[in-house]
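Let me begin by presenting the structure, written as structure tokens, before commenting on it.
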Amino acid sequence: MRRPLFGPGLLTLLAAVFLAVSAGAQTASVVARPAGPFAYDVTKETTINGTVSSVLSRPAAGMILGAHLLVTTASGTVDASLGMFPFAGKGALSVREGNWVAITGMMTRINGKEIFLARTVKVGNEVYSIRDERGAIISPQERERGIEAPAEKGFWR
Amino acid sequence: MNRKTLWFVLLLASIASVAGLNGCEGCSGTPGAGKIKVTISTAPPGKMETKGMATIAATVTGDKKNGGVTWSCTPTNACGSFNPPSSASGANVTYTAPAAVPAGGTVTITATSVTDTQISSTPVSVTILAPSPETFIFDLNGLEEINPTAGVPNFYALAGAVTIDLTTGAVTGGEQDYNDGSGKAGFTSPQPQGDSITGGTLSINSNGQGTLTLITNNSNLGVKGTETLGVQFVNNKHALVVQFDGSATSSGSMDLQTLTAPSGNFSFALTGVTSAFEPAVAGGVFSISGLNLQNGTFDFDNAGGGGASLGNAFSGTITAPDAFGRGSITSASFGAALNYYVVGAEVLRLIIVDTTDSAVGSAYGQGAGAFTNASLGSSVFAIESNSYGFNGSGGILWATAGQLTTSNTGSSPADFSAIADENENGSLASVPPAAASVAGTYTIAGNGYGSMTVTPAALQSVSFLGVYMVDPKININDPNNTAADVGGALLLDLDAALDGAGFLVPQTNTSTAKVTGSYAFGAQDFTSITPTGNGFEFDFVGQGATPISSAPGLISDPFGIFGKTPTISNATFSITPTADAGNPGRYQPSPLTITPQPPNPTTPPIVSYNPFELATAIYQADGGLLLWVDDNLSTDDTTVSIFAGPIEQQTLPITTPPAP
């Protein structure tokens with residue numbers, strides 16, 4: 001089958017070239033660096049399913065900063081890290097003990113303990129975004145404003 | 001001459017000698033005392049400001065008893081004081097001018113022999129002047145209690161100029177820029193005029209600790225428009241400050257201004273948040289010629305997971321500084337509106353004044369420039385995230401401090417090795433008491449723009465730093481003190497999972513014996529212990545003689561980490577550092593005990609964490625400056641606590657601001 005001259009593939013290519021040129025006008029170089037125990041790698045994402053056994057708005061003993069969900073799964077209890085303010089602002093996470101959840105994220109090891117860095121939490125039919133695909137926490141301010149992440153828009157805005 | 005006549009002549013001569021009639025001014029004929037003469041050998045300056053200090057000395061000759069002198073002055077009780085009030089011949093004495101200009105405007109200083117109180121020096125007159133109001137520049141960043149977004153506190157930055165009548169402590173004027181990036185009217189100071197400071201009071205004790213109130217024309221800020229800063233002066237020209245009124249908490253500094261138009265080459269660093277409230281840092285180099293900002297290169301990192309954006313060119317224009325030293329910087333290529341405040345010819349404070357993003361920082365002159373890899377030598381360093389570090393891709397509040405040495409500086413890249421203590425959300429880079437060993441490479445360009453690459457995983461998420469060299473004659477921490485701790489560089493962490501801002505300064509003396517006298521200290525602490533799970537920052541300043549034991553301090557705690565008192569004025573701090581024998585310059589993590597209130601407090605009780613213990617490692621640049629970092633070995637294992645900050649040797653007493 002012949003592909004149309006201006007089909008999605010070419011448009012995508014043109015868009016990519018345009019974006020690259022735009023970025024190049026602004027950015028001398030973008031350097032991705034190795035990023036330590038808190039680094040988020042979207043290619044390593046998995047999804048866990050289970051029942052919420054605890055909703056912690058602040059960390060318990062030995063936990064890293066921020067809010068946590070303890071989720072009972074078929075393979076044991078998972079500590080899911082939600083960042084600092086997942087329960088605040090427009091579209092904030094709404095979850096209770098006993099809820100069945102599907103959490104997409106990445107398992108990592110910090111201070112000798114396994115922690116699941118949650119990117120999305122599905123409760124019932126609702127999917128809540130905790131991080132973006134770069135792993136950046138979606139702040140209450142960002143949810144309130146409904147803005148794009150600044151990496152796509154410029155330096156400060 | 002017969003025998004009777006001879007005896008008579010000898011008797012007259014003896015009487016004349018005893019009576020001092022031998023033509024010797026200031027001499028004595030007291031039996032057994034010899035011919036005493038008193039001279040003020042080190043005189044005070046001819047003009048001094050009220051409360052000013054001067055070193056004086058008197059030389060005594062002909063005094064076989066070596067009795068020295070006592071010091072006196074007129075008009076009595078209004079002429080100042082001497083410390084000590086008596087001194088040996090040639091010994092230095094500190095003269096402190098009176099607190100107020102005396103009648104007639106002059107004082108007279110005299111040194112009198114102790115052995116023969118009839119013998120005094122020629123009096124010296126000093127004209128006493130009322131000091132002119134002085135302008136100080138302040139800058140802070142931290143976390144707001146007021147104006148939350150969806151119940152969540154915002155990052156905020158504050159910079160300004162305040163003019164203070166140092167004879168009374170009265171604030172006579174000033175202006176400031178406040179910015180929380182919330183986009184709500186009033187919480188970014190209106191531009192281009194900013195907020196006016198219309199009054200207030202500086203009130204401190206002789207150890208330099210107290211408060212500065214700033215009455216502004218912006219009723220949204222502070223408490224109905226009045227902001228209060230907790231201040232801890234290090235010397236008469238430099239203070240560590242925290243916001244101290246319950247409306248917000250933050251840490252920063254305040255420095256005496258010498259107003260001049262900015263010019264020449266600068267390095268700079270800023271820390272703040274983007275409009276998505278991701279933590280962001282920017283830094284690099286630029287030059288100012290006339291009203292043009294040019295030759296700019298900057299790095300930017302919003303810890304958004306995509307990596308830092310390096311080597312961005314920028315240029316723009318500036319406005320000339322106004323009477324308070326405030327001006328603006330316009331640069332489309334930088335992407336944010338900036339204001340500056342002149343501290344001195346080579347030091348500017350910078351603040352972003354956009355309504356939906358915010359940052360604050362500094363620019364430092366680079367002197368003659370012409371930097372190389374050899375410009376960087378043995379140094380101590382500290383870097384900390386800002387209060388919104390948790391919103392990066394790694395969600396990390398973090399801090400580090402350490403010391404490094406360089407090698408192969410003739411090569412490019414050159415090499416460095418370091419030890420450091422580093423804390424990311426309570427995850428430590430090393431198991432205390434050990435420090436993490438770090439190595440890597442770095443390059444410094446001729447314009448002072450450079451970078452460091454850190455061995456992966458040695459410092460957890462820290463792998464890449466921006467390095468921006470400053471004039472080797474500038475003191476980054478205390479710009480008016482160029483006698484020590486000069487040179488170094490501004491640092492930015494530019495990693496994918498985190499970012500942060502800090503500095504390094506040369507490490508010149510690691511002898512523990514150099515750590516002596518009184519020190520002022522402060523820190524911006526991020527913690528997990530807030531009872532409400534909401535705000536998470538407290539800030540403190542204090543001072544005390546080494547070893548720090550029950551040193552008095554101020555804690556800003558609007559989020560109730562220690563209880564119901566948002567401003568704690570009677571906190572004490574104690575730490576007994578243990579030198580790391582294997583690493584001169586480092587002190588192993590030792591408990592920093594913070595006692596927010598004494599036992600049996602009379603004010604609203606502390607709910608918990610009284611005392612609060614934090615394992616704290618220290619690195620010594622020299623006797624004048626040490627850097628400390630919270631190594632998180634709390635006795636309470638539910639506590640995550642993170643800070644880095646300065647410990648600076650004081651020059652006491654603090655005389656510039658008035659005692660209460």
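Ordered as shown in the structure tokens, chains take letters A, B, and onward, while each chain numbers its residues from 1 and ligands are numbered from 1 in the order shown.
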Contact residues around Lys184 (chain B) with only C-alpha atoms at 9 Å, ignoring same-chain residues under 3 positions, as a ChimeraX atom specification: /B:147,180-181,187-188,355-356
Distance filter 8 Å, only C-alpha atoms, chain B against chain A, as number ranges by chain: B: 149-152, 182, 273-278, 280, 300, 302-313, 333-336, 356-357, 390-396, 425-428, 456-457, 460-464, 495-497, 528, 533, 637-640
Residue nearest Val127 (chain A) - candidates A:Lys44, A:Ala80, A:Gly91, A:Gly50, atoms counted: only C-alpha atoms: A:Gly91
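Rounded to one decimal, CA of Val223 (chain B) and CA of Val360 (chain B) lie 22.2 Å from each other.
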Neighbour list for Ser362 (chain B) as JSON, numbers by chain, cut-off 9 Å, only C-alpha atoms, skip fewer than 4 positions in-chain: {"B": [267, 268, 269, 270, 340, 347, 348, 349, 350, 351]}
Which of region 83-154 of chain A fall in helix (DSSP H, G or I), as number ranges by chain: A: 140-145, 150-152
Let's have the selection written as an mmCIF file, in the first residue's frame, with C-alpha atoms.
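Final output, saved to out_8.cif:
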```
data_model
loop_
_atom_site.group_PDB
_atom_site.id
_atom_site.type_symbol
_atom_site.label_atom_id
_atom_site.label_comp_id
_atom_site.auth_asym_id
_atom_site.auth_seq_id
_atom_site.Cartn_x
_atom_site.Cartn_y
_atom_site.Cartn_z
ATOM 1 C CA PRO A 140 -0.357 20.766 43.192
ATOM 2 C CA GLN A 141 0.589 24.057 41.525
ATOM 3 C CA GLU A 142 1.002 22.267 38.207
ATOM 4 C CA ARG A 143 -2.329 20.486 38.620
ATOM 5 C CA GLU A 144 -4.049 23.725 39.560
ATOM 6 C CA ARG A 145 -2.648 25.544 36.562
ATOM 7 C CA PRO A 150 8.550 23.569 31.466
ATOM 8 C CA ALA A 151 11.016 21.324 29.687
ATOM 9 C CA GLU A 152 8.673 21.476 26.717
#
```
Could you name the residues that touch region 560-574 of chain B at 6 Å or less, counting only C-alpha atoms, but leaving out those on the same chain fewer than 4 positions away, as a PDB file with C-alpha atoms, in the first residue's frame?
```pdb
ATOM      1  CA  PHE B 244      10.905  35.258  61.649  1.00  0.00           C
ATOM      2  CA  GLY B 246       5.266  33.090  61.192  1.00  0.00           C
ATOM      3  CA  THR B 530       5.957  18.127  60.719  1.00  0.00           C
ATOM      4  CA  ILE B 548      29.191  25.279  70.925  1.00  0.00           C
ATOM      5  CA  SER B 549      27.336  24.518  74.136  1.00  0.00           C
ATOM      6  CA  SER B 550      23.846  25.802  74.872  1.00  0.00           C
ATOM      7  CA  ALA B 551      24.432  28.555  72.350  1.00  0.00           C
ATOM      8  CA  PRO B 552      21.419  30.871  72.068  1.00  0.00           C
ATOM      9  CA  GLY B 553      19.551  30.969  68.805  1.00  0.00           C
ATOM     10  CA  LEU B 554      16.375  31.720  66.911  1.00  0.00           C
ATOM     11  CA  ILE B 555      14.205  29.112  65.181  1.00  0.00           C
ATOM     12  CA  SER B 556      11.647  30.042  62.542  1.00  0.00           C
ATOM     13  CA  LEU B 592      23.761  18.736  67.008  1.00  0.00           C
ATOM     14  CA  THR B 593      21.322  19.115  69.861  1.00  0.00           C
ATOM     15  CA  ILE B 594      18.618  21.676  69.231  1.00  0.00           C
ATOM     16  CA  THR B 595      16.580  22.536  72.290  1.00  0.00           C
ATOM     17  CA  PRO B 596      13.712  24.653  71.029  1.00  0.00           C
ATOM     18  CA  GLN B 597      12.777  25.748  74.510  1.00  0.00           C
ATOM     19  CA  ILE B 606       6.691  22.180  72.663  1.00  0.00           C
ATOM     20  CA  VAL B 607       4.709  19.231  71.404  1.00  0.00           C
TER      21      VAL B 607
END
```
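Of the listed residues A:Ala118, A:Ser53, A:Val78, A:Lys113, the one whose atoms come nearest to Trp100 (chain A) is A:Ser53, with distances taken using only C-alpha atoms.
For the residues A:Thr104, A:Thr46, A:Asn99, A:Thr72, ranking by smallest atom-to-atom distance to Tyr128 (chain A) using only C-alpha atoms places A:Thr104 first.
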